[in-house]
Each structure stands twice: as structure tokens, then as C-alpha cells.
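*Asks:* This is data_29.pdb, which holds PDB, C-alpha atoms:
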```
ATOM      1  CA  ASP A  48     119.111 110.906  99.788  1.00  0.00           C
ATOM      2  CA  VAL A  49     121.914 108.422 100.217  1.00  0.00           C
ATOM      3  CA  LYS A  50     123.459 107.499  96.956  1.00  0.00           C
ATOM      4  CA  VAL A  51     125.688 104.527  96.323  1.00  0.00           C
ATOM      5  CA  THR A  52     127.044 104.290  92.815  1.00  0.00           C
ATOM      6  CA  GLN A  53     128.888 101.472  91.123  1.00  0.00           C
ATOM      7  CA  SER A  54     131.206 102.071  88.206  1.00  0.00           C
ATOM      8  CA  SER A  55     129.589  99.663  85.769  1.00  0.00           C
ATOM      9  CA  ARG A  56     126.181  98.067  85.385  1.00  0.00           C
ATOM     10  CA  TYR A  57     127.449  95.305  83.107  1.00  0.00           C
ATOM     11  CA  LEU A  58     130.955  93.961  82.663  1.00  0.00           C
ATOM     12  CA  VAL A  59     132.331  91.130  80.525  1.00  0.00           C
ATOM     13  CA  LYS A  60     135.847  89.875  81.218  1.00  0.00           C
ATOM     14  CA  ARG A  61     137.980  86.930  80.224  1.00  0.00           C
ATOM     15  CA  THR A  62     139.332  84.243  82.511  1.00  0.00           C
ATOM     16  CA  GLY A  63     142.576  85.332  84.134  1.00  0.00           C
ATOM     17  CA  GLU A  64     141.973  89.063  83.773  1.00  0.00           C
ATOM     18  CA  LYS A  65     142.323  91.387  86.730  1.00  0.00           C
ATOM     19  CA  VAL A  66     138.992  93.070  87.388  1.00  0.00           C
ATOM     20  CA  PHE A  67     138.250  96.197  89.376  1.00  0.00           C
ATOM     21  CA  LEU A  68     134.766  97.021  90.631  1.00  0.00           C
ATOM     22  CA  GLU A  69     134.393 100.500  92.055  1.00  0.00           C
ATOM     23  CA  CYS A  70     131.863 101.772  94.543  1.00  0.00           C
ATOM     24  CA  VAL A  71     131.332 105.322  95.775  1.00  0.00           C
ATOM     25  CA  GLN A  72     128.955 106.594  98.459  1.00  0.00           C
ATOM     26  CA  ASP A  73     128.164 110.240  99.059  1.00  0.00           C
ATOM     27  CA  MET A  74     126.854 110.231 102.630  1.00  0.00           C
ATOM     28  CA  ASP A  75     130.041 110.023 104.674  1.00  0.00           C
ATOM     29  CA  HIS A  76     129.180 106.511 105.865  1.00  0.00           C
ATOM     30  CA  GLU A  77     131.675 104.649 108.003  1.00  0.00           C
ATOM     31  CA  ASN A  78     130.947 101.142 106.776  1.00  0.00           C
ATOM     32  CA  MET A  79     131.072  99.745 103.280  1.00  0.00           C
ATOM     33  CA  PHE A  80     130.363  96.245 102.040  1.00  0.00           C
ATOM     34  CA  TRP A  81     130.708  94.037  98.988  1.00  0.00           C
ATOM     35  CA  TYR A  82     128.205  91.235  98.391  1.00  0.00           C
ATOM     36  CA  ARG A  83     127.552  88.878  95.556  1.00  0.00           C
ATOM     37  CA  GLN A  84     124.076  87.715  94.672  1.00  0.00           C
ATOM     38  CA  ASP A  85     123.521  84.333  93.048  1.00  0.00           C
ATOM     39  CA  PRO A  86     120.253  82.514  92.312  1.00  0.00           C
ATOM     40  CA  GLY A  87     119.265  80.245  95.167  1.00  0.00           C
ATOM     41  CA  LEU A  88     122.001  81.606  97.423  1.00  0.00           C
ATOM     42  CA  GLY A  89     120.843  85.104  98.209  1.00  0.00           C
ATOM     43  CA  LEU A  90     123.364  87.771  99.138  1.00  0.00           C
ATOM     44  CA  ARG A  91     126.719  86.624 100.480  1.00  0.00           C
ATOM     45  CA  LEU A  92     129.242  88.950 102.077  1.00  0.00           C
ATOM     46  CA  ILE A  93     132.652  89.063 100.408  1.00  0.00           C
ATOM     47  CA  TYR A  94     134.437  91.820 102.349  1.00  0.00           C
ATOM     48  CA  PHE A  95     133.563  94.824 104.443  1.00  0.00           C
ATOM     49  CA  SER A  96     135.341  97.883 105.729  1.00  0.00           C
ATOM     50  CA  TYR A  97     134.555  99.953 108.811  1.00  0.00           C
ATOM     51  CA  ASP A  98     137.187 102.633 108.234  1.00  0.00           C
ATOM     52  CA  VAL A  99     139.664 103.899 105.686  1.00  0.00           C
ATOM     53  CA  LYS A 100     142.396 101.339 105.036  1.00  0.00           C
ATOM     54  CA  MET A 101     140.587  98.816 107.268  1.00  0.00           C
ATOM     55  CA  LYS A 102     139.057  95.662 105.865  1.00  0.00           C
ATOM     56  CA  GLU A 103     137.543  92.470 107.170  1.00  0.00           C
ATOM     57  CA  LYS A 104     136.816  89.203 105.397  1.00  0.00           C
ATOM     58  CA  GLY A 105     133.230  88.177 104.953  1.00  0.00           C
ATOM     59  CA  ASP A 106     131.917  84.714 104.230  1.00  0.00           C
ATOM     60  CA  ILE A 107     133.427  84.191 100.771  1.00  0.00           C
ATOM     61  CA  PRO A 108     136.638  86.235 100.423  1.00  0.00           C
ATOM     62  CA  GLU A 109     138.587  83.678  98.381  1.00  0.00           C
ATOM     63  CA  GLY A 110     139.662  85.040  95.022  1.00  0.00           C
ATOM     64  CA  TYR A 111     138.890  88.633  95.984  1.00  0.00           C
ATOM     65  CA  SER A 112     140.662  91.551  97.583  1.00  0.00           C
ATOM     66  CA  VAL A 113     139.511  95.066  98.465  1.00  0.00           C
ATOM     67  CA  SER A 114     140.885  98.540  98.813  1.00  0.00           C
ATOM     68  CA  ARG A 115     139.620 101.529 100.752  1.00  0.00           C
ATOM     69  CA  GLU A 116     141.979 104.462 100.374  1.00  0.00           C
ATOM     70  CA  LYS A 117     139.274 107.099 100.833  1.00  0.00           C
ATOM     71  CA  LYS A 118     136.206 107.030 103.022  1.00  0.00           C
ATOM     72  CA  GLU A 119     133.771 107.334 100.157  1.00  0.00           C
ATOM     73  CA  ARG A 120     135.307 104.706  97.869  1.00  0.00           C
ATOM     74  CA  PHE A 121     135.505 100.936  98.254  1.00  0.00           C
ATOM     75  CA  SER A 122     136.972  98.810  95.481  1.00  0.00           C
ATOM     76  CA  LEU A 123     136.602  95.095  94.900  1.00  0.00           C
ATOM     77  CA  ILE A 124     139.420  93.407  93.014  1.00  0.00           C
ATOM     78  CA  LEU A 125     139.347  90.041  91.308  1.00  0.00           C
ATOM     79  CA  GLU A 126     143.030  89.226  90.996  1.00  0.00           C
ATOM     80  CA  SER A 127     142.526  86.579  88.314  1.00  0.00           C
ATOM     81  CA  ALA A 128     138.929  86.288  87.211  1.00  0.00           C
ATOM     82  CA  SER A 129     137.412  82.830  86.916  1.00  0.00           C
ATOM     83  CA  THR A 130     134.109  81.659  85.453  1.00  0.00           C
ATOM     84  CA  ASN A 131     132.733  80.864  88.914  1.00  0.00           C
ATOM     85  CA  GLN A 132     132.974  84.559  89.716  1.00  0.00           C
ATOM     86  CA  THR A 133     130.272  85.330  87.191  1.00  0.00           C
ATOM     87  CA  SER A 134     127.664  86.970  89.387  1.00  0.00           C
ATOM     88  CA  MET A 135     125.817  90.130  90.405  1.00  0.00           C
ATOM     89  CA  TYR A 136     128.011  92.240  92.686  1.00  0.00           C
ATOM     90  CA  LEU A 137     126.367  94.640  95.103  1.00  0.00           C
ATOM     91  CA  CYS A 138     128.066  97.367  97.080  1.00  0.00           C
ATOM     92  CA  ALA A 139     126.474  98.842 100.195  1.00  0.00           C
ATOM     93  CA  SER A 140     127.223 101.384 102.887  1.00  0.00           C
ATOM     94  CA  SER A 141     125.866 102.102 106.356  1.00  0.00           C
ATOM     95  CA  PRO A 142     126.292 105.052 108.684  1.00  0.00           C
ATOM     96  CA  GLY A 143     127.049 103.555 112.050  1.00  0.00           C
ATOM     97  CA  THR A 144     129.097 100.913 113.713  1.00  0.00           C
ATOM     98  CA  SER A 145     126.318  98.396 114.158  1.00  0.00           C
ATOM     99  CA  TRP A 146     125.228  95.630 111.823  1.00  0.00           C
ATOM    100  CA  TYR A 147     121.701  96.570 112.855  1.00  0.00           C
ATOM    101  CA  ASP A 148     121.991  99.793 110.864  1.00  0.00           C
ATOM    102  CA  GLU A 149     120.214  99.963 107.567  1.00  0.00           C
ATOM    103  CA  GLN A 150     122.497  99.264 104.637  1.00  0.00           C
ATOM    104  CA  PHE A 151     122.141 101.322 101.462  1.00  0.00           C
ATOM    105  CA  PHE A 152     122.866  99.436  98.285  1.00  0.00           C
ATOM    106  CA  GLY A 153     124.106 100.434  94.876  1.00  0.00           C
ATOM    107  CA  PRO A 154     122.375  99.177  91.712  1.00  0.00           C
ATOM    108  CA  GLY A 155     124.800  96.310  91.225  1.00  0.00           C
ATOM    109  CA  THR A 156     127.325  95.230  88.605  1.00  0.00           C
ATOM    110  CA  ARG A 157     126.538  92.125  86.609  1.00  0.00           C
ATOM    111  CA  LEU A 158     129.904  90.537  85.845  1.00  0.00           C
ATOM    112  CA  THR A 159     130.302  87.809  83.268  1.00  0.00           C
ATOM    113  CA  VAL A 160     133.617  85.973  83.082  1.00  0.00           C
ATOM    114  CA  LEU A 161     134.141  84.051  79.846  1.00  0.00           C
TER     115      LEU A 161
ATOM    116  CA  ASP B 325     124.956  75.682 105.583  1.00  0.00           C
ATOM    117  CA  GLN B 326     122.079  78.050 105.041  1.00  0.00           C
ATOM    118  CA  GLN B 327     121.309  79.674 108.393  1.00  0.00           C
ATOM    119  CA  VAL B 328     118.492  81.762 106.953  1.00  0.00           C
ATOM    120  CA  LYS B 329     116.119  80.060 104.558  1.00  0.00           C
ATOM    121  CA  GLN B 330     113.333  81.343 102.380  1.00  0.00           C
ATOM    122  CA  ASN B 331     111.839  78.142 101.095  1.00  0.00           C
ATOM    123  CA  SER B 332     109.479  79.697  98.573  1.00  0.00           C
ATOM    124  CA  PRO B 333     111.387  80.994  95.550  1.00  0.00           C
ATOM    125  CA  SER B 334     108.269  82.692  94.238  1.00  0.00           C
ATOM    126  CA  LEU B 335     104.796  83.768  95.308  1.00  0.00           C
ATOM    127  CA  SER B 336     101.904  85.086  93.273  1.00  0.00           C
ATOM    128  CA  VAL B 337      99.108  87.100  94.926  1.00  0.00           C
ATOM    129  CA  GLN B 338      96.108  88.972  93.632  1.00  0.00           C
ATOM    130  CA  GLU B 339      96.050  92.735  94.039  1.00  0.00           C
ATOM    131  CA  GLY B 340      94.257  93.775  97.222  1.00  0.00           C
ATOM    132  CA  ARG B 341      94.848  90.461  98.978  1.00  0.00           C
ATOM    133  CA  ILE B 342      97.363  89.679 101.709  1.00  0.00           C
ATOM    134  CA  SER B 343     100.902  88.613 100.789  1.00  0.00           C
ATOM    135  CA  ILE B 344     102.742  86.472 103.325  1.00  0.00           C
ATOM    136  CA  LEU B 345     106.440  85.871 102.884  1.00  0.00           C
ATOM    137  CA  ASN B 346     108.146  83.394 105.151  1.00  0.00           C
ATOM    138  CA  CYS B 347     111.644  83.004 106.506  1.00  0.00           C
ATOM    139  CA  ASP B 348     113.109  80.293 108.748  1.00  0.00           C
ATOM    140  CA  TYR B 349     116.394  80.411 110.609  1.00  0.00           C
ATOM    141  CA  THR B 350     118.539  77.903 112.443  1.00  0.00           C
ATOM    142  CA  ASN B 351     120.824  80.053 114.603  1.00  0.00           C
ATOM    143  CA  SER B 352     119.174  80.693 117.964  1.00  0.00           C
ATOM    144  CA  MET B 353     121.675  83.508 118.578  1.00  0.00           C
ATOM    145  CA  PHE B 354     120.072  85.709 115.928  1.00  0.00           C
ATOM    146  CA  ASP B 355     118.584  88.703 117.736  1.00  0.00           C
ATOM    147  CA  TYR B 356     117.735  91.131 114.958  1.00  0.00           C
ATOM    148  CA  PHE B 357     115.928  90.542 111.703  1.00  0.00           C
ATOM    149  CA  LEU B 358     115.443  92.709 108.639  1.00  0.00           C
ATOM    150  CA  TRP B 359     113.552  92.568 105.374  1.00  0.00           C
ATOM    151  CA  TYR B 360     114.905  94.096 102.180  1.00  0.00           C
ATOM    152  CA  LYS B 361     113.068  94.573  98.911  1.00  0.00           C
ATOM    153  CA  LYS B 362     114.750  94.488  95.515  1.00  0.00           C
ATOM    154  CA  TYR B 363     113.422  95.673  92.171  1.00  0.00           C
ATOM    155  CA  PRO B 364     115.106  94.530  88.938  1.00  0.00           C
ATOM    156  CA  ALA B 365     118.171  96.592  88.019  1.00  0.00           C
ATOM    157  CA  GLU B 366     118.200  98.241  91.452  1.00  0.00           C
ATOM    158  CA  GLY B 367     119.931  97.472  94.715  1.00  0.00           C
ATOM    159  CA  PRO B 368     117.970  96.138  97.695  1.00  0.00           C
ATOM    160  CA  THR B 369     116.279  98.711  99.908  1.00  0.00           C
ATOM    161  CA  PHE B 370     115.483  98.338 103.580  1.00  0.00           C
ATOM    162  CA  LEU B 371     111.836  97.645 104.338  1.00  0.00           C
ATOM    163  CA  ILE B 372     111.265  96.773 107.977  1.00  0.00           C
ATOM    164  CA  SER B 373     113.068  95.202 110.922  1.00  0.00           C
ATOM    165  CA  ILE B 374     112.334  93.532 114.241  1.00  0.00           C
ATOM    166  CA  SER B 375     114.291  92.885 117.394  1.00  0.00           C
ATOM    167  CA  SER B 376     114.077  89.515 119.106  1.00  0.00           C
ATOM    168  CA  ILE B 377     112.546  91.165 122.174  1.00  0.00           C
ATOM    169  CA  LYS B 378     109.422  91.802 120.118  1.00  0.00           C
ATOM    170  CA  ASP B 379     107.081  89.496 118.292  1.00  0.00           C
ATOM    171  CA  LYS B 380     105.533  92.025 115.954  1.00  0.00           C
ATOM    172  CA  ASN B 381     106.496  95.241 114.217  1.00  0.00           C
ATOM    173  CA  GLU B 382     104.194  97.210 111.962  1.00  0.00           C
ATOM    174  CA  ASP B 383     104.852  99.954 109.427  1.00  0.00           C
ATOM    175  CA  GLY B 384     101.896 100.940 107.317  1.00  0.00           C
ATOM    176  CA  ARG B 385     100.909  98.045 105.075  1.00  0.00           C
ATOM    177  CA  PHE B 386     103.896  95.978 106.219  1.00  0.00           C
ATOM    178  CA  THR B 387     103.986  93.864 109.373  1.00  0.00           C
ATOM    179  CA  VAL B 388     106.717  91.492 110.438  1.00  0.00           C
ATOM    180  CA  PHE B 389     105.968  88.688 112.884  1.00  0.00           C
ATOM    181  CA  LEU B 390     108.612  86.804 114.813  1.00  0.00           C
ATOM    182  CA  ASN B 391     108.083  83.380 116.377  1.00  0.00           C
ATOM    183  CA  LYS B 392     111.272  82.643 118.289  1.00  0.00           C
ATOM    184  CA  SER B 393     110.261  79.203 119.473  1.00  0.00           C
ATOM    185  CA  ALA B 394     109.680  78.136 115.866  1.00  0.00           C
ATOM    186  CA  LYS B 395     112.636  80.156 114.570  1.00  0.00           C
ATOM    187  CA  HIS B 396     110.332  81.663 112.005  1.00  0.00           C
ATOM    188  CA  LEU B 397     109.503  85.117 110.795  1.00  0.00           C
ATOM    189  CA  SER B 398     107.016  86.319 108.272  1.00  0.00           C
ATOM    190  CA  LEU B 399     106.304  89.518 106.396  1.00  0.00           C
ATOM    191  CA  HIS B 400     102.672  90.427 105.782  1.00  0.00           C
ATOM    192  CA  ILE B 401     101.701  92.977 103.167  1.00  0.00           C
ATOM    193  CA  VAL B 402      98.092  94.163 103.334  1.00  0.00           C
ATOM    194  CA  PRO B 403      96.662  95.099 100.930  1.00  0.00           C
ATOM    195  CA  SER B 404      99.053  94.005  98.212  1.00  0.00           C
ATOM    196  CA  GLN B 405      99.668  96.470  95.405  1.00  0.00           C
ATOM    197  CA  PRO B 406     101.275  96.053  91.962  1.00  0.00           C
ATOM    198  CA  GLY B 407     104.260  98.120  93.119  1.00  0.00           C
ATOM    199  CA  ASP B 408     104.985  95.450  95.718  1.00  0.00           C
ATOM    200  CA  SER B 409     106.123  93.074  92.975  1.00  0.00           C
ATOM    201  CA  ALA B 410     109.805  92.556  93.768  1.00  0.00           C
ATOM    202  CA  VAL B 411     112.239  90.111  95.322  1.00  0.00           C
ATOM    203  CA  TYR B 412     112.167  90.116  99.117  1.00  0.00           C
ATOM    204  CA  PHE B 413     115.156  89.086 101.216  1.00  0.00           C
ATOM    205  CA  CYS B 414     115.103  88.409 104.917  1.00  0.00           C
ATOM    206  CA  ALA B 415     118.318  88.882 106.863  1.00  0.00           C
ATOM    207  CA  ALA B 416     119.441  88.194 110.419  1.00  0.00           C
ATOM    208  CA  SER B 417     122.193  89.289 112.755  1.00  0.00           C
ATOM    209  CA  ALA B 418     123.526  87.666 115.918  1.00  0.00           C
ATOM    210  CA  GLY B 419     124.831  90.057 118.544  1.00  0.00           C
ATOM    211  CA  ALA B 420     125.402  92.840 116.027  1.00  0.00           C
ATOM    212  CA  GLN B 421     127.508  90.567 113.864  1.00  0.00           C
ATOM    213  CA  LYS B 422     127.400  90.530 110.091  1.00  0.00           C
ATOM    214  CA  LEU B 423     124.086  90.010 108.364  1.00  0.00           C
ATOM    215  CA  VAL B 424     123.099  86.632 106.977  1.00  0.00           C
ATOM    216  CA  PHE B 425     120.662  86.811 104.077  1.00  0.00           C
ATOM    217  CA  GLY B 426     118.109  84.330 102.841  1.00  0.00           C
ATOM    218  CA  GLN B 427     117.820  83.261  99.205  1.00  0.00           C
ATOM    219  CA  GLY B 428     114.994  85.650  98.407  1.00  0.00           C
ATOM    220  CA  THR B 429     111.354  85.238  97.368  1.00  0.00           C
ATOM    221  CA  ARG B 430     110.026  86.760  94.160  1.00  0.00           C
ATOM    222  CA  LEU B 431     106.595  88.271  94.822  1.00  0.00           C
ATOM    223  CA  THR B 432     104.298  88.965  91.895  1.00  0.00           C
ATOM    224  CA  ILE B 433     101.107  90.935  92.440  1.00  0.00           C
ATOM    225  CA  ASN B 434      98.524  90.236  89.765  1.00  0.00           C
ATOM    226  CA  PRO B 435      95.921  92.882  88.858  1.00  0.00           C
TER     227      PRO B 435
END
```
How does the structure come out when it is put into C-alpha cells?

*Replies:*
Amino acid sequence: DVKVTQSSRYLVKRTGEKVFLECVQDMDHENMFWYRQDPGLGLRLIYFSYDVKMKEKGDIPEGYSVSREKKERFSLILESASTNQTSMYLCASSPGTSWYDEQFFGPGTRLTVL
Amino acid sequence: DQQVKQNSPSLSVQEGRISILNCDYTNSMFDYFLWYKKYPAEGPTFLISISSIKDKNEDGRFTVFLNKSAKHLSLHIVPSQPGDSAVYFCAASAGAQKLVFGQGTRLTINP
């Protein structure tokens, strides 16, 4: 079974802190994604990566950066956390090069910024 | 602008009956559609998909219908079971570009 794990289920940070969200997948998938889920807005793509050290902006990259130094690990970084970044963050991976491929999601990290 | 819309935030259905979840889209370039299901405290899981060259795809109790002229798709679950209670997201892709998700519909199956 594909497994996508996220470093924390719940996280509380203060405004201005630097926040790291880690994601690891164990199925040698090429593609990895970071989404945020907000009520009434569904899932919105923040960043994605199709290869090690490669990254592409999604729909809402402002205030975020990412790092993919190893194939299995994709990190989301909030350089200076703000209250409007309070959200559920979901990491996903997929095996192929097509957006049609099924994406496998981690359980999510609920981040609260005070 | 919301290119994929699920206008019903919630739906309640009696066990054994049919559940119909709806999704509307505005981008006529969308050519592939997917449904994901999400339980609380878990990530979404893939449920079923359909290509724009088809108007129906069936997998067990789940059937997705696509009406391209109306820019509308629906997910039918027959018969509905308590384990189907979850949030359902539809998603669309245009020419193998990134997925666009709807807002989600919370389905509750009542015994």
C-alpha cells in the first residue's frame, strides 16, 4: 500500500515564526504536491514537484516555499507564518507524469497560527 | 473564480437509498474528471474518474455521469451505506494540467 506520512497532525505556531511541514512517501513516486483545504474553498494547490530539486508554483504559492532534496521527501515552508495561513495542509504523491494519475494523500496537518 | 463548483455543502440520505452528488464546471477545456472521498482525520482517497470521451463510468455501487453540454457531472451511490458518510470532492483537469477541486459535499447516510 502507498503510504504518505506527514510529520505532524496538529501544529500551533505564532505569527512571524518559520514553519516547516514535512511529507514523506514510500512508493518511489515521481510527483509530490502540497494543498491547503479551507471550508468553502476545497483543496487548493500550493506547490508541486515532479522531480528532485524541481518545483512548480500552484494556484496559491504566496507566502510559501518548498524543498525537495530527496525523492521521497517534500517539505513546505512558511517563511513567516501569518494568521491567514491557518488551515489544513495536505500532502500528496502520484506515480506518473500525468495529472490524470491518482494522487495519494497523507492524513493532513492542521496548522493554527496565533 | 471557482471553475469547479459543488453547490451543495451537505447532503443527508437514508441507508439503502440512492445518493446523488453534483458538480458543475465552467472550463470547457476540462477533459478528465475525478471524485475523491475524505473521512475525518484522513487524507482524500481516489474513488472514480471519467474521461470526457465518455458519459458514464461505473465501479460497483459508484457511477459517475458526465453531461458535457451542461458542464455537469454527478456521482451516484447505490445503495448508500453508513460507511459512505464522508466529504466528497470532485476535481477536473484540462489537457493533463493541474487538478482543480470543488469545495466538497458532506454526505451523511442515516440508518

*Asks:* Draw an axis-aligned box tight on the listed atoms of stretch 406-424 of chain B, then pad every side by 8 Å and write out centre and edge lengths in Å to one decimal as AutoDock Vina command-line options.

*Replies:*
```
--center_x 114.4 --center_y 92.4 --center_z 105.3 --size_x 42.2 --size_y 27.5 --size_z 42.6
```

*Asks:* Determine, counting all atoms listed in the file, which protein, DNA and RNA residues have an atom within 6 Å of an atom of stretch 141-144 of chain A; residues of the same chain fewer than 3 positions away are not included. Present the result as a PyMOL selection string.

*Replies:* chain A and resi 76-78+150

*Asks:* For chain A, which residue among B:Thr369, B:Ser352, B:Ser376, B:Thr387 is the nearest when counting only C-alpha atoms?

*Replies:*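 Among the listed residues, the smallest separation from chain A belongs to B:Thr369.
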
*Asks:* List the neighbours of A:Met74 out to 12 Å using all atoms listed in the file; skip same-chain residues closer than 6 positions along the sequence, and give me the result as a VMD selection string.

*Replies:* chain A and resid 48 to 52 118 to 120 139 to 143 150 to 151

*Asks:* Please list as a list in words every residue within 9 Å of A:Gly89, counting only C-alpha atoms and excluding residues in the same chain fewer than 2 positions away.

*Replies:* Arg83, Gln84, Asp85, Pro86, Gly87 and Arg91 of chain A; Phe413, Phe425, Gly426, Gln427 and Gly428 of chain B

*Asks:* Using all atoms listed in the file, find the one residue out of B:Ser409, B:Asn434, B:Asn391, B:Ser373 that sits nearest to chain A.

*Replies:*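 Nearest candidate to chain A out of B:Ser409, B:Asn434, B:Asn391, B:Ser373: B:Ser373.
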
*Asks:* Mind listing as number ranges by chain which residues of chain A are within 6 Å of chain B, counting only C-alpha atoms?

*Replies:* A: 87-90, 145-146, 152-154

*Asks:* Can you tell me which residues surround stretch 131-137 of chain A at a distance of at most 6 Å, considering only C-alpha atoms, apart from same-chain residues fewer than 5 positions away, and format the answer as JSON, numbers by chain?

*Replies:* {"A": [81, 82, 83, 84, 155, 156, 157, 158, 159, 160]}

*Asks:* I would like the residues chosen by the PyMOL selection byres ((chain A and resi 109-116) around 12) on the shown file; could you give them as number ranges by chain?

*Replies:* A: 63, 65-71, 77-83, 92-108, 117-132, 136, 138

*Asks:* So which residues touch B:Leu431 within 12 Å, counting all atoms listed in the file, skipping near sequence neighbours fewer than 4 positions away, as number ranges by chain?

*Replies:* B: 332-339, 342-346, 361-363, 399-401, 404-413

*Asks:* Could you tell me, as a PyMOL selection string, which residues have any atom at most 7 Å from (117.9, 74.5, 110.6), counting only C-alpha atoms?

*Replies:* chain B and resi 327+349-350

*Asks:* To one decimal place, how far is atom CA of B:Asn381 from atom CA of B:Gly340 in Å?

*Replies:* 21.0 Å

*Asks:* Could you tell me which of B:Trp359, B:Phe354, B:Asp383, B:Ile433 comes closest to A:Glu149 if we count only C-alpha atoms?

*Replies:* B:Trp359

*Asks:* Take atom CA of B:Arg430 and atom CA of A:Leu161 and report the distance between them in Å, one decimal.

*Replies:*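 Atom-to-atom, atom CA of B:Arg430 and atom CA of A:Leu161 are spaced 28.2 Å apart.
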